[in-house]
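Notes for the one structure printed next.
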Amino acid sequence: MDKLLIKGGVSLQGEIRIAGAKNSALPILASTLLTHETVQVCNLPHLFDITTMIELLGCMGVEPVIDEKLNVEVNSSTIKHFSAPYELVKTMRASILVLGPLLARYGEAEVALPGGCAIGSRPVNLHISALQEMGADIVVEDGYIKASVDGRLKGAHIFMDIVTVTGTENVMMAATLADGVTIIENAAREPEVVDLANCLVKMGAIISGQGSDTLTITGVQELFGCSYSVMPDRIETGTYLIAAAATRGHIKVKDTRPDILEAVLSKLEQAGADIKVGDNWIELNMHGKRPKSVSLRTAPYPAFPTDMQAQFTALNAVADGTGSITETVFENRFMHVHEMNRMGADIAVEGNTVIVKGVDTLKGAPVMATDLRASASLIIAGLVSENETIVDRIYHIDRGYECIEEKLQLLGATIRRVPS
Ligand code: EPU
């Protein structure tokens with residue numbers, strides 16, 4: 001199992017490009033199951049999770065083709081099975097995203113029930129109940145969600161008890177081919193949901209309200225092929241900006257979208273960063289100064305994203321002052337805190353809040369990554385530490401950050417991958 005070895009103390013400087021958004025690419029790849037025509041998906045990030053989704057399509061008999069520009073063309077007309085096996089679902093929970101499309105187009109689906117994970121119990125009850133409201137017959141048996149429908153799904157008025165990103169995506173995809181109109185209230189407003197909606201509209205779906213908490217989808221008889229380019233990854237963007245702020249650096253990130261990062265950019269400004277933006281770039285300059293502590297609370301978009309919480313904890317760990325960070329989306333997303341304390345941070349967990357007292361410097365230590373964003377936060381902690389940090393279990397990071405050590409090297413960091 002590879003590890004990342006980081007020698008801290010370098011202030012990040014330079015320019016990098018941001019990849020396509022993982023959490024938009026995954027549902028978009030799943031949506032290709034909704035048509036027998038070819039869908040070309042461009043700007044896919046090179047990540048393990050994307051490979052897993054392509055493998056999942058492959059194991060159902062679909063043969064995605066990767067062209068010389070690493071775009072993927074999917075034609076699902078060769079599909080033979082409507083099943084997502086446990087072996088793949090256990091490595092990637094987002095496999096649940098094939099449930100809605102399979103059910104809507106083929107009238108049946110068997111998807112292994114995802115279990116809990118390092119950040120919380122993460123049930124999928126709302127995906128299931130919404131599809132049941134649309135007429136699906138669903139049982140959970142032998143560890144599998146077994147779903148079927150006689151004829152087409154039916155449009156329904158659905159109220160989501162909790163804002164759920166993949167839940168909204170699953171139901172929206174299913175509704176595109178349902179008979180009649182589906183209204184999803186308390187829908188997720190995340191930019192990735194909007195990106196999926198835009199792709200579905202390009203395939204011929206009739207959707208309105210994307211980006212608001214009420215989505216209206218009028219079912220059509222069929223969807224068609226198209227070419228779609230995945231939007232930039234806002235979490236990757238934010239992660240590099242925080243790394244630069246923590247190291248008192250000056251960087252420019254290109255091929256990104258400042259308009260979907262408002263909550264994060266505003267917190268970085270509070271931390272003392274000088275931020276400039278253009279249509280597709282963001283420049284952050286700390287002018288060599290130590291960041292100031294910030295307090296924040298995670299919540300669904302447009303509030304501060306849970307996927308950036310761990311990285312801000314790392315920033316606060318070396319900032320001037322004390323900041324509190326409250327996690328409201330997942331119940332167990334503070335695993336990075338104990339590792340940071342082993343590096344000399346002063347962080348106390350109080351229920352769903354952490355109180356972070358900034359220290360002058362962290363000290364490198366061997367640490368263990370527990371999930372994707374926690375891994376990113378430990379890398380940031382390593383970048384601001386004296387001496388050497390070794391981050392173990394970095395397979396988490398490869399699921400969601402494309403070439404992270406190369407991009408950090410481009411910004412001047414001393415980081416390398418070492419086989420164990
Ligand atoms: N929830 C339920 N029942 C459901 C669905 C969700 O109780 O049926 C709860 C969850 O347990 C959680 C909350 O609702 O407490 C929100 O979860 P959500 O369903 O929105 O999360 P998700 O769709 O499984 C996506 C991202 C996550 C991101 C969250 C929140 C993808 C593939 N994953 O997960 O991304 O943290 O939304 O924004 O889009 C990551 O990229 O590192 C990551 C974890």
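Just so we're on the same page: first chain in the structure tokens is A, next is B, and so on; residues restart at 1 for each chain, and ligands are numbered from 1 in the order they show up.
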
Check which residues of segment 88-147 of chain A sit at most 12 Å from segment 380-404 of chain A using only C-alpha atoms, and return one row each with the closest pair of atoms and their distance in Å to one decimal, ordered by chain and rising number, as CSV.
```
residue,atom,partner,partner_atom,distance
A:Thr91,CA,A:Arg399,CA,9.8
A:Met92,CA,A:Arg399,CA,9.0
A:Arg93,CA,A:Arg399,CA,11.8
A:Ala94,CA,A:Arg399,CA,11.7
A:Ala118,CA,A:His396,CA,11.0
```

Could you please extract the residues within 6 Å of ligand 1, counting only C-alpha atoms and all ligand atoms, and hand them back as an mmCIF file with C-alpha atoms, in the first residue's frame?
```cif
data_model
loop_
_atom_site.group_PDB
_atom_site.id
_atom_site.type_symbol
_atom_site.label_atom_id
_atom_site.label_comp_id
_atom_site.auth_asym_id
_atom_site.auth_seq_id
_atom_site.Cartn_x
_atom_site.Cartn_y
_atom_site.Cartn_z
ATOM 1 C CA ASN A 23 -19.363 13.982 -7.741
ATOM 2 C CA ALA A 94 -21.979 6.062 -5.327
ATOM 3 C CA SER A 121 -24.104 5.448 8.777
ATOM 4 C CA ARG A 122 -25.264 6.908 5.455
ATOM 5 C CA PRO A 123 -28.559 5.085 4.873
ATOM 6 C CA VAL A 124 -30.308 5.159 1.464
ATOM 7 C CA ASN A 125 -33.864 4.949 2.815
ATOM 8 C CA LEU A 126 -34.882 8.175 1.053
ATOM 9 C CA HIS A 127 -33.759 6.858 -2.366
ATOM 10 C CA ILE A 162 -33.377 15.356 4.543
ATOM 11 C CA VAL A 163 -31.474 17.096 1.766
ATOM 12 C CA THR A 164 -29.677 14.264 -0.014
ATOM 13 C CA VAL A 165 -27.384 14.759 -2.986
ATOM 14 C CA THR A 166 -27.313 11.274 -4.519
ATOM 15 C CA GLY A 167 -30.922 10.718 -3.388
ATOM 16 C CA THR A 306 -19.033 19.172 4.556
ATOM 17 C CA ASP A 307 -16.429 18.033 2.011
ATOM 18 C CA VAL A 329 -24.288 16.690 7.598
ATOM 19 C CA PHE A 330 -22.486 13.517 8.742
ATOM 20 C CA LEU A 372 -11.094 10.955 1.211
ATOM 21 C CA ARG A 373 -11.394 14.471 2.637
#
```

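When the distance limit is 6 Å and only C-alpha atoms are what count, the residues near Gly219 of chain A, minus those fewer than 5 positions from it on the same chain, are Ala175, Thr176, Leu177, Ala178, Asp179 and Gly180 of chain A.
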
Just N, CA and C atoms for this one: save the residues we selected as a compact mmCIF listing (two decimals), in the first residue's frame.
```
# COMPACT_ATOMS: atom_id res chain seq x y z
N ALA A 175 -37.03 9.92 -12.78
CA ALA A 175 -38.22 10.67 -13.18
C ALA A 175 -38.18 11.09 -14.65
N THR A 176 -36.97 11.15 -15.24
CA THR A 176 -36.90 11.61 -16.64
C THR A 176 -37.66 10.69 -17.57
N LEU A 177 -37.77 9.39 -17.21
CA LEU A 177 -38.46 8.44 -18.10
C LEU A 177 -39.79 7.97 -17.50
N ALA A 178 -40.23 8.62 -16.41
CA ALA A 178 -41.49 8.19 -15.77
C ALA A 178 -42.68 8.72 -16.56
N ASP A 179 -43.82 8.15 -16.24
CA ASP A 179 -45.07 8.57 -16.88
C ASP A 179 -45.63 9.74 -16.05
N GLY A 180 -45.59 10.94 -16.59
CA GLY A 180 -46.14 12.09 -15.87
C GLY A 180 -45.08 12.95 -15.22
```

Of A:Thr168, A:Thr298, A:Ser420, A:Ser377, the one sitting nearest Glu327 of chain A when using only C-alpha atoms is A:Thr298

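Nearest-residue note for Asp213 of chain A: choosing from A:Val89, A:Ile183, A:Cys226, A:Met286, the minimum distance belongs to A:Ile183, counting only C-alpha atoms.
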
Among A:Ala112, A:Met160, A:Lys69, A:Glu190, Glu133 of chain A is approached most closely, using only C-alpha atoms, by A:Met160

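Within 7 Å of Thr32 of chain A, once only C-alpha atoms are used and residues closer than 3 positions along the same chain are dropped, the contacting residues are Ile28, Leu29, Thr35, Val39, Val74 and Ser76 of chain A.
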
Generate the output file for the selected residues, all heavy atoms, as a short mmCIF file (atom, residue, chain, number, x, y, z; two decimals), in the first residue's frame.
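In the end it all went to part.cif:
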```
data_model
loop_
_atom_site.label_atom_id
_atom_site.label_comp_id
_atom_site.auth_asym_id
_atom_site.auth_seq_id
_atom_site.Cartn_x
_atom_site.Cartn_y
_atom_site.Cartn_z
N ILE A 28 -23.37 11.39 -13.82
CA ILE A 28 -23.48 11.55 -15.28
C ILE A 28 -23.16 10.22 -15.97
O ILE A 28 -23.84 9.80 -16.90
CB ILE A 28 -22.60 12.72 -15.78
CG1 ILE A 28 -23.27 14.04 -15.37
CG2 ILE A 28 -22.38 12.66 -17.29
CD1 ILE A 28 -22.46 15.29 -15.62
N LEU A 29 -22.14 9.51 -15.49
CA LEU A 29 -21.84 8.19 -16.07
C LEU A 29 -23.01 7.24 -15.85
O LEU A 29 -23.39 6.47 -16.74
CB LEU A 29 -20.55 7.62 -15.47
CG LEU A 29 -19.25 8.24 -15.99
CD1 LEU A 29 -18.05 7.77 -15.17
CD2 LEU A 29 -19.03 7.90 -17.48
N THR A 35 -30.38 5.79 -21.87
CA THR A 35 -30.61 5.83 -23.32
C THR A 35 -29.85 4.69 -24.01
O THR A 35 -28.82 4.25 -23.51
CB THR A 35 -30.16 7.19 -23.92
OG1 THR A 35 -30.27 7.12 -25.34
CG2 THR A 35 -28.74 7.56 -23.54
N VAL A 39 -23.55 8.24 -25.38
CA VAL A 39 -23.30 9.48 -24.66
C VAL A 39 -21.78 9.62 -24.50
O VAL A 39 -21.12 8.69 -24.04
CB VAL A 39 -23.97 9.49 -23.26
CG1 VAL A 39 -23.68 10.79 -22.52
CG2 VAL A 39 -25.48 9.28 -23.37
N VAL A 74 -20.19 6.02 -23.88
CA VAL A 74 -20.95 4.89 -23.33
C VAL A 74 -22.18 4.65 -24.19
O VAL A 74 -22.97 5.56 -24.44
CB VAL A 74 -21.41 5.16 -21.88
CG1 VAL A 74 -21.97 3.88 -21.27
CG2 VAL A 74 -20.28 5.70 -21.03
N SER A 76 -25.20 2.02 -23.91
CA SER A 76 -25.67 0.99 -22.97
C SER A 76 -26.55 -0.07 -23.64
O SER A 76 -27.12 -0.91 -22.95
CB SER A 76 -26.39 1.63 -21.79
OG SER A 76 -27.62 2.17 -22.23
#
```

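The space separating atom CA of Tyr86 of chain A from atom CA of Val41 of chain A comes to 25.7 Å.
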
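Minimum atom-to-atom distance to Leu315 of chain A, evaluated using only C-alpha atoms, belongs to A:Gly238 out of A:Gly238, A:Gly120, A:Pro300, A:Pro366.
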
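You can rank A:Lys254, A:His157, A:Lys80, A:His46 by their closest distance to Gly61 of chain A using only C-alpha atoms, and at the top of that list sits A:Lys80.
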